[in-house]
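Everything below concerns the one structure shown next.
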Amino acid sequence: MKQYEYVAKQALAAVGIPIPAGRVVRTADDAAAAVREIGPAALKAQVLVGGRGKAGGIRFAQSPEEARAVAAAMLGMDLKGYRVQTLYAEAKLAIDQELYVSVTTDRNRKVPLIMASTAGGVEIEEVADESIVRRHVDPRVGVLPYAGRELAADLGLEGTLAREFADLVVKLYQLYQSHDAELVEINPLTVVGGHLVAADARLNIDDSALFRHREVEPIDEGSVLEQKVHAIGLAYVELDGDIAIMANGAGMAMATVDAIQHFGGRPANFLDAGGGASVGPTAQALDVLVSMKPKVIFINIFGGITRCDDVARAILQVKRTTGIPVPLVVRLVGTNEREGVALLEAEAISAYSEMAPAAERAVQLAGEGR
Amino acid sequence: MKQYEYVAKQALAAVGIPIPAGRVVRTADDAAAAVREIGPAALKAQVLVGGRGKAGGIRFAQSPEEARAVAAAMLGMDLKGYRVQTLYAEAKLAIDQELYVSVTTDRNRKVPLIMASTAGGVEIEEVADESIVRRHVDPRVGVLPYAGRELAADLGLEGTLAREFADLVVKLYQLYQSHDAELVEINPLTVVGGHLVAADARLNIDDSALFRHREVEPIDEGSVLEQKVHAIGLAYVELDGDIAIMANGAGMAMATVDAIQHFGGRPANFLDAGGGASVGPTAQALDVLVSMKPKVIFINIFGGITRCDDVARAILQVKRTTGIPVPLVVRLVGTNEREGVALLEAEAISAYSEMAPAAERAVQLAGEGR
Amino acid sequence: MAILLTRETKIIVQGATGNQGAFHTRQMLAYGAQVTAGVSPGKGGQTVHNVPVFDTVRDAVAQTGASASIVFVPAPFAKDAALEAMENGIRLLVMIPEHIPVQDTVEIVTRAEDLGVSVIGPNTFGIISPGEGTKMGIMPNHIYAPGPVGVVARSGTLSYEIAFSLTNAGLGQTTVVGMGGDPVVGQTFISVLKHFQEDPATQAVVMVGEIGGSAEEEAAEYIKAAFAKPVVAYLAGRAAPPGKRMGHAGAIIERGRGTLESKEQALTQAGARVVTMPWEVAEAVGTMLS
Amino acid sequence: MAILLTRETKIIVQGATGNQGAFHTRQMLAYGAQVTAGVSPGKGGQTVHNVPVFDTVRDAVAQTGASASIVFVPAPFAKDAALEAMENGIRLLVMIPEHIPVQDTVEIVTRAEDLGVSVIGPNTFGIISPGEGTKMGIMPNHIYAPGPVGVVARSGTLSYEIAFSLTNAGLGQTTVVGMGGDPVVGQTFISVLKHFQEDPATQAVVMVGEIGGSAEEEAAEYIKAAFAKPVVAYLAGRAAPPGKRMGHAGAIIERGRGTLESKEQALTQAGARVVTMPWEVAEAVGTMLS
């Protein structure tokens, strides 16, 4: 769950990491008041898209009057498909240097990873590997100040900056832990007047840990359709094709998308109907696929925990309500396969038992393929 | 640093452990208001002495009027040498059962230790060993709910009580850690209406950890004289004899007290002048000894880090200001011994180099001994 | 023969009295697994399909001598269950739940490393050893057969698809291991491959991978350096766009890392046979074994 | 011969540029100790009595190959310093500061156990091996002499008193170890006795104990079961009243535990010679050695 910049900033401030003076702004009057208080400021759109600055999501105001006008223009604007509802007014900094620091979880080493660089201000992917200092954290020890000092030394920092950096790393790790962060990143970590200030920040919270972070407001970054399917509790990703796909299990769903593409078709979506979903959610998901008005719907089920007869019932239920006005290709095999196939055939829907010919047929029906 | 009952209770409540309704009371009016709010209550003197109840430190009030009268009588009273300044008004409980639970640090195993018993309500020392369940905590793991469940099973608890106890143990350990407790104890942990309630609690905070617990108000339990010496930064314990003692190092000071007793004398105090104390504090400490008006003052110094000439200078400084109107026995050996002894001899004070004859002489001068 | 799980393995089920726990206790028993005890706090004394239920793992282990546990408790309580198991002597731990916080998993696998525990999952379908007639997991019982192929997969249903096609092609399995779909999991391709290396009955290995992370690349390095048996790899997510999680918390091409191309290239260079569609796996294995 | 600390031991000083650190660096050098580096964050590049100072233990160890460290940093920073030392390869760690929070010490000794580090202290005067001409500690240099007696003490000054009396009686020391006056310390009587057991040069051991805790009782059990050399014990606190801390955080008779009587009884029953006054130690040792 990505957090807005201002939420990330407030989290940094709460653990004692210096941030620029800033105010959350939701009206033009707020913006004027904020600039009156903190002086000339950047007004930053609080949206979760990259390249916010280039898209016009960051503007500057020298005076309260200018802030009012700029905020009025920005609030409600469309930024890469997201409506701007909140701005963050932040004092401008006289930046001497830009660093980078982050804490994330290294899935291979299975421990937290601190990355730091003196080449901050750009995405870390664009920083040369040899300019990045990496330090894996032993969870048995955590991050004590000495680890920060070693990192500061690795970066070549000295004096006050080295001390402040060591202290900051300890606090950043605290934040990573206390917030169940997948990523907490300060970029750029700026040097202003000889001291460190977190000029921009990212905080992604582990979705699975939200049960212990009730204060976090859920933000679904998905499209309208994605949000609709997520609300059913299923994993859904919109793609740009026209063959709608449902499969059970994330791996199966991915493989199904791959198979459609393999035969030259264009998958419209990734939809994992779950490893053991019952009739209700399966029917709901199928309803969504129908509403997408695809050229073809392809259902690919390997019944393990999922029972083929349940899937068949869901299909028939949707057929009764919507008629399913597009060609439907079903592959159904596994647990209760016979019952499921019989149910479908009673309604004149035939089912494949192999994945390859079924996928190929779906592509043909869409008028695509080789 | 022992904490008052109400501080301990508030700490329990803060981690989510149920406590009876209660209010801190500092005036008779407070007491009336508290009883008006929580109903019939116990008024408990907030002092750090044992046997508070038997000494009249816990009384009951059925009505606000009675509470006003009782509080007026209790506030300002002397309880085993301590003046009662604060009461804690607490709702009376209909207790079905009394348990015991505590977390402390096991100095031999060097890990935290949880102790629990279904024979609560009396001091744990009075509980038969076989009625106490002990569980050492591996700091690598901490205390997770399963540990609480295992303890609950060991105690023979079932159902709701087992669940509540398991939960409580996890929270109590959190409190132990977050407060740097030497001891956190709930005794009795009562069963009221089928649920656990912490009816009385102790919380001792590690003096050495106070730097990270600025919220803790220092409480010096010592006598007036002890507090005076503690304020100089030295360890001091009042004993009931008449030979005042100063030595350097805790072990030396203990051995010196032992030596005086060994020869039949009665030591007046334990005073550790520090392993490397300078002239100032040493003189201050000696001033205190003089002010005690003992029969004899015995100074026993083995100069390691402590320099014998510094000690001699401190003695001479006090002699010049107070005259030291009681017999003084000095044993001085070690670093800069020659200079120290010479300084003393110049002022007609002779010094022993061996501990035994010096201690024996001090006892003789006090008119005691065999 | 098999890896990690054999017919002798005595198993407990944590969360045995829940719907999922009870259902799969029955399925595991039906497959022949030695499920000796269930654990559900407050339910001690009950039975689940004639398996005795205890309040604590401690009691269950003391009564049955079990050394393996499969965890079905809800994700928020999974760390507690996992630590309870490990601290009470369990040395093979299968973590079924999905949505366990990643930092909880980090704690679990760190402690497992200290204690020498093999953790499978979380968010896994488990492990099955067809020739041994035993399983710890939620996979369907009927799709496997004894034979010479080891399978290790990140994804459940997809592995069923492939295992079933192997079975249908007459290629039975020594052991099928589900690594789990989470970003951080206990057993990974490398550690499972090392077990297969040691197992004389395993003559070839199928890796079922997917986009995200770099477990496949790391496995490729190991294969190149030290793995002596034929490997067939199939990876899902060819058509997945960057930045989107494909169901599994671990399946995401993030900031240019975890792409299918780098994985397939690494495995090919390591000498594995990489196939592009799941239905090509069985034939490739057959060819390599003949 | 000696235990734990020999002439070969390369030592670093954490907090070398502070008053205490610099003073004792000089004293240790004067005694012959191989003090190879100091560590003081932000002071890297300076020297203390010609010893180079580094910003981190990592650098100090890399440059000098030191395996031992003596810590002089203030108590609030001691845990950081201790972990820095241990995680960077230090395997003998002397913790001088007093007033380290007990729960910090628990973390330090727990990690030390995992890494195989011998921790002396905290709140200790350190360790000295007179025959090896080396020390890590704050004890005066002139009171020791080489010889056959091992000494282990909870208290500093009192141990000086006794060591000096041994020296004056012609009874030199292999190694003198200060356990430290805190409730929780690394090396205790038992672990030090085990080292003395292994040291052929140590022919008798003096234990200097005191009220509080039950380290002496535990040592007595070990002596009875497995310690083959003569032991003389002197314990302080005979006249101490219960419930009062006698200076050391560990020296308190609390709730009936930690009394002198139980300690002396246990040691006597274990075959140790218990003397009641410090000046009786040397004669007792002499008698047992002759």
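Each chain of the structure tokens is named A, B, ... in the order shown, its residues numbered from 1; ligands are numbered from 1 in display order.
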* Asked: If we count only C-alpha atoms, which residues of chain D reach to within 6 Å of chain B? Please list them as a list in words.
  ->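 The selection requested is His99, Ile100, Pro101, Val106, Pro140, Ser155, Thr157, Leu158, Pro183, Val184, Ala236, Gly237, Arg238, Ala239 and Gly247 of chain D.
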* Determine, counting only C-alpha atoms, which protein, DNA and RNA residues have an atom within 12 Å of an atom of Ser290 of chain D; residues of the same chain fewer than 3 positions away are not included. Present the result as JSON, numbers by chain. => {"D": [148, 171, 203, 204, 230, 283, 284, 285, 286, 287]}
* DSSP on the backbone: what in segment 130-341 of chain B comes out helix (DSSP H, G or I), as a ChimeraX atom specification? -> /B:130-131,145-155,159-178,207-212,224-232,250-262,279-291,308-322,337-341
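For the set B:Ala199, B:Leu75, B:Ile186, B:Val141, the residue with the smallest atom-to-atom gap to chain A is B:Val141, counting only C-alpha atoms.
The shortest atom-to-atom distance to Pro200 of chain C, with only C-alpha atoms taken into account, belongs to C:Ala2 out of C:Ala2, C:Gly38, C:Gly213, C:Ala282.
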* To do: Extract, using only C-alpha atoms, all DNA, RNA and protein residues at most 8 Å from Val117 of chain C, discarding same-chain residues fewer than 2 positions from it, and format them as an MDAnalysis selection string.
  => chainID C and resid 86 90:93 112:115 119
* In segment 83-240 of chain D, what's strand (DSSP E or B) per DSSP? Answer as a ChimeraX atom specification? -> /D:92-95,118-120,126-129,134-137,146-153,173-178,204-210,231-236
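With atom CA of Glu90 of chain B on one side and atom CA of Lys54 of chain B on the other, the separation reads 17.8 Å.
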Might you pull out every residue within 7 Å of Ala272 of chain C, with only C-alpha atoms counted and same-chain residues fewer than 3 positions away left off, and present them as a short mmCIF file (atom, residue, chain, number, x, y, z; two decimals) with N, CA, C and O atoms, in the first residue's frame?
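out_1.cif, freshly written:
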```cif
data_model
loop_
_atom_site.label_atom_id
_atom_site.label_comp_id
_atom_site.auth_asym_id
_atom_site.auth_seq_id
_atom_site.Cartn_x
_atom_site.Cartn_y
_atom_site.Cartn_z
N PRO C 230 19.27 -33.45 -14.84
CA PRO C 230 18.57 -32.63 -15.84
C PRO C 230 17.50 -31.75 -15.20
O PRO C 230 16.81 -32.18 -14.28
N VAL C 231 17.39 -30.52 -15.69
CA VAL C 231 16.40 -29.59 -15.18
C VAL C 231 15.55 -29.07 -16.34
O VAL C 231 16.08 -28.65 -17.37
N VAL C 232 14.23 -29.13 -16.17
CA VAL C 232 13.32 -28.48 -17.10
C VAL C 232 12.67 -27.32 -16.34
O VAL C 232 12.20 -27.50 -15.22
N ALA C 233 12.67 -26.15 -16.96
CA ALA C 233 12.09 -24.99 -16.29
C ALA C 233 10.97 -24.41 -17.12
O ALA C 233 11.09 -24.25 -18.34
N LEU C 267 18.77 -19.44 -16.78
CA LEU C 267 18.55 -20.88 -16.68
C LEU C 267 19.06 -21.60 -17.93
O LEU C 267 19.66 -22.67 -17.83
N THR C 268 18.82 -21.00 -19.08
CA THR C 268 19.31 -21.61 -20.32
C THR C 268 20.83 -21.71 -20.29
O THR C 268 21.42 -22.76 -20.60
#
```
* In Å, rounded to a single decimal, give me how far atom CA of Val229 of chain B is from atom CA of Glu5 of chain B. =>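 These two atoms are separated by 26.7 Å.
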* **Within 6 Å of Gly150 of chain C using only C-alpha atoms, minus same-chain residues under 5 positions, as a list in words** =>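 Here the qualifying residues turn out to be Gln173, Thr174, Thr175, Val176, Thr202 and Val205 of chain C.
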